[in-house]
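Contents: one structure, followed by commentary.
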Amino acid sequence: MLANYLPYKKIHVVYKHESFQKIVPQLDIQIKQVIINNVNDILSYKGKSYAREYKNNLKKGYTGFYAYLDSKVIGHAWGTINLTNKIQKVRGYFKLPQDSAFIFHCAVHPDYRGKKIYQTLLINLYNRLYSIGAQSIYIDTDMNNIPSQKAIEKTGCGLQYTVTLWSIRSKPILCYKNNYYEVAKR
Ligand SMILES: CC(C)(COP(=O)(O)OP(=O)(O)OC[C@H]1O[C@@H](n2cnc3c(N)ncnc32)[C@H](O)[C@@H]1OP(=O)(O)O)[C@@H](O)C(=O)NCCC(=O)NCCS
């Protein structure tokens with residue numbers, strides 16, 4: 001369909017982790033780092049393509065956490081850290097400097113949202129990323145994703161700027177930084 005080939009616009013809000021906040025989840029969840037032995041546990045929440053993708057994440061050296069309720073995965077969060085001396089592009093637009101980390105691939109099962117599970121996953125991920133060498137941690141979310149923005153802010157992240165991204169079929173073709181006030185005004 002022609003519509004698939006038309007450029008579309010998305011605005012990303014970029015945050016940086018600044019301070020640790022105490023987060024208490026409202027469900028009795030367990031948080032575990034994703035390793036090869038438990039990567040397939042995602043199948044209790046999502047389909048096989050995710051299991052494949054997350055195995056690939058492990059191969060690429062990404063760090064991931066699952067949130068479990070009654071032994072079933074109900075949430076996940078992933079991050080990557082750039083330990084090379086070259087800038088790495090992540091999310092198709094973000095230039096990740098040396099010793100910095102970026103968080104992505106995060107979600108919580110719709111039945112369990114609003115109970116600070118995402119915030120708990122993020123705190124675990126920050127801790128781990130710092131412990132393996134991250135000096136700075138960045139995270140972005142969609143301009144319209146209020147629950148995500150609220151959760152990110154509650155975990156001690158500060159708004160940096162917004163980025164407008166034009167893409168075709170998920171491939172960014174144009175990207176520019178907006179100033180802070182566009183978000184502050186919303
Ligand atoms: C974004 C997402 C991960 C949040 O997960 P979650 O476990 O529900 O998040 P948390 O409970 O930790 O935090 C959400 C916060 O937003 C609040 N919130 C939820 N819906 C809201 C809304 N419509 N308006 C304002 N605040 C809202 C919650 O009350 C909570 O704040 P609180 O701690 O003050 O109560 C989840 O909604 C999700 O999986 N969405 C789809 C995938 C996605 O957007 N991933 C994130 C990409 S960065």
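All residue names refer to the structure tokens as shown: chains lettered A, B, ... in order, residues numbered from 1 in each chain, ligands numbered from 1 in order.
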Taking only C-alpha atoms and all ligand atoms into account, report as a VMD selection string which residues have an atom no farther than 9 Å from an atom of ligand 1.
-> chain A and resid 23 25 to 26 75 to 77 103 to 110 112 to 122 139 to 142 145 to 152 154 to 155
May I have the residues within 9 Å of region 47-57 of chain A as a PyMOL selection string, using only C-alpha atoms and disregarding those fewer than 6 positions away in the same chain?
-> chain A and resi 34-36+39-41+63-64+78+80
Would you save the residues from that selection as a compact mmCIF listing (two decimals), in the first residue's frame, using C-alpha atoms?
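File written: selection_19.txt
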# COMPACT_ATOMS: atom_id res chain seq x y z
CA VAL A 34 17.73 -11.86 31.44
CA ILE A 35 20.27 -14.57 30.68
CA ILE A 36 20.28 -17.38 28.15
CA VAL A 39 15.31 -15.59 27.98
CA ASN A 40 12.44 -17.79 26.75
CA ASP A 41 10.37 -16.94 29.83
CA THR A 63 21.37 -5.90 29.41
CA GLY A 64 17.77 -6.88 30.11
CA TRP A 78 16.52 -3.49 27.99
CA THR A 80 22.83 -1.09 25.84
Looking only at alpha helix (DSSP H) from DSSP on the backbone, list the matching residues of region 4-119 of chain A as a list in words.
-> Lys48, Ser49, Tyr50, Ala51, Arg52, Glu53, Tyr54, Lys55, Asn56, Asn57, Leu58, Lys59, Ile117, Tyr118 and Gln119 of chain A
All residues 6 Å or closer to region 66-73 of chain A, only C-alpha atoms, same chain fewer than 5 positions away omitted, as an mmCIF file with C-alpha atoms, in the first residue's frame:
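Full text of part-v6.cif as output:
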data_model
loop_
_atom_site.group_PDB
_atom_site.id
_atom_site.type_symbol
_atom_site.label_atom_id
_atom_site.label_comp_id
_atom_site.auth_asym_id
_atom_site.auth_seq_id
_atom_site.Cartn_x
_atom_site.Cartn_y
_atom_site.Cartn_z
ATOM 1 C CA ILE A 29 7.010 -9.146 41.758
ATOM 2 C CA GLN A 30 10.452 -10.627 41.272
ATOM 3 C CA ILE A 31 13.022 -8.924 39.058
ATOM 4 C CA LYS A 32 15.601 -11.085 37.294
ATOM 5 C CA ILE A 42 9.105 -13.998 27.743
ATOM 6 C CA SER A 44 4.428 -16.317 28.916
ATOM 7 C CA TYR A 45 3.817 -12.706 27.857
#
Shell around Phe94 (chain A) at 12 Å using only C-alpha atoms, local window under 6 positions removed, as a VMD selection string | chain A and resid 12 to 15 87 to 88 100 to 104 138 to 140 161 to 165 172 175 to 177
Go ahead and write the residues just picked, N, CA and C atoms, as an mmCIF file, in the first residue's frame.
data_model
loop_
_atom_site.group_PDB
_atom_site.id
_atom_site.type_symbol
_atom_site.label_atom_id
_atom_site.label_comp_id
_atom_site.auth_asym_id
_atom_site.auth_seq_id
_atom_site.Cartn_x
_atom_site.Cartn_y
_atom_site.Cartn_z
ATOM 1 N N HIS A 12 10.208 12.243 19.810
ATOM 2 C CA HIS A 12 10.764 11.507 20.954
ATOM 3 C C HIS A 12 11.165 12.498 22.043
ATOM 4 N N VAL A 13 10.886 12.127 23.265
ATOM 5 C CA VAL A 13 11.330 12.937 24.408
ATOM 6 C C VAL A 13 12.538 12.212 25.003
ATOM 7 N N VAL A 14 13.651 12.913 25.087
ATOM 8 C CA VAL A 14 14.887 12.275 25.554
ATOM 9 C C VAL A 14 15.185 12.710 26.995
ATOM 10 N N TYR A 15 15.445 11.721 27.837
ATOM 11 C CA TYR A 15 15.751 11.972 29.253
ATOM 12 C C TYR A 15 17.136 11.432 29.589
ATOM 13 N N ILE A 87 31.349 6.685 18.692
ATOM 14 C CA ILE A 87 29.935 6.961 18.958
ATOM 15 C C ILE A 87 29.086 5.886 18.283
ATOM 16 N N GLN A 88 28.061 5.381 18.988
ATOM 17 C CA GLN A 88 27.182 4.360 18.393
ATOM 18 C C GLN A 88 25.800 4.958 18.206
ATOM 19 N N SER A 100 28.323 5.580 27.787
ATOM 20 C CA SER A 100 26.933 5.955 28.060
ATOM 21 C C SER A 100 26.029 4.789 27.692
ATOM 22 N N ALA A 101 24.867 4.774 28.325
ATOM 23 C CA ALA A 101 23.920 3.687 28.061
ATOM 24 C C ALA A 101 22.593 4.270 27.585
ATOM 25 N N PHE A 102 21.862 3.442 26.851
ATOM 26 C CA PHE A 102 20.546 3.861 26.352
ATOM 27 C C PHE A 102 19.554 2.729 26.628
ATOM 28 N N ILE A 103 18.372 3.120 27.082
ATOM 29 C CA ILE A 103 17.350 2.120 27.465
ATOM 30 C C ILE A 103 16.227 2.087 26.424
ATOM 31 N N PHE A 104 15.792 0.874 26.078
ATOM 32 C CA PHE A 104 14.716 0.714 25.075
ATOM 33 C C PHE A 104 14.046 -0.632 25.292
ATOM 34 N N TYR A 138 20.708 7.257 29.235
ATOM 35 C CA TYR A 138 19.673 7.993 28.508
ATOM 36 C C TYR A 138 18.492 7.071 28.228
ATOM 37 N N ILE A 139 17.337 7.678 28.076
ATOM 38 C CA ILE A 139 16.130 6.912 27.745
ATOM 39 C C ILE A 139 15.213 7.853 26.974
ATOM 40 N N ASP A 140 14.484 7.311 26.012
ATOM 41 C CA ASP A 140 13.534 8.184 25.314
ATOM 42 C C ASP A 140 12.157 7.540 25.317
ATOM 43 N N TYR A 161 15.755 17.091 25.918
ATOM 44 C CA TYR A 161 15.252 17.779 24.721
ATOM 45 C C TYR A 161 14.297 16.841 24.006
ATOM 46 N N THR A 162 13.666 17.345 22.940
ATOM 47 C CA THR A 162 12.849 16.450 22.115
ATOM 48 C C THR A 162 13.512 16.324 20.737
ATOM 49 N N VAL A 163 13.175 15.250 20.076
ATOM 50 C CA VAL A 163 13.723 15.010 18.741
ATOM 51 C C VAL A 163 12.560 14.678 17.805
ATOM 52 N N THR A 164 12.492 15.398 16.707
ATOM 53 C CA THR A 164 11.477 15.082 15.702
ATOM 54 C C THR A 164 12.114 14.190 14.653
ATOM 55 N N LEU A 165 11.469 13.067 14.427
ATOM 56 C CA LEU A 165 12.037 12.056 13.538
ATOM 57 C C LEU A 165 11.033 11.759 12.423
ATOM 58 N N PRO A 172 14.545 6.001 9.780
ATOM 59 C CA PRO A 172 14.617 7.459 9.894
ATOM 60 C C PRO A 172 15.238 8.085 8.651
ATOM 61 N N CYS A 175 15.959 13.984 10.947
ATOM 62 C CA CYS A 175 15.855 14.068 12.409
ATOM 63 C C CYS A 175 16.367 15.420 12.855
ATOM 64 N N TYR A 176 15.637 16.108 13.681
ATOM 65 C CA TYR A 176 16.163 17.364 14.228
ATOM 66 C C TYR A 176 15.739 17.550 15.675
ATOM 67 N N LYS A 177 16.611 18.211 16.406
ATOM 68 C CA LYS A 177 16.364 18.471 17.835
ATOM 69 C C LYS A 177 15.426 19.649 17.983
#
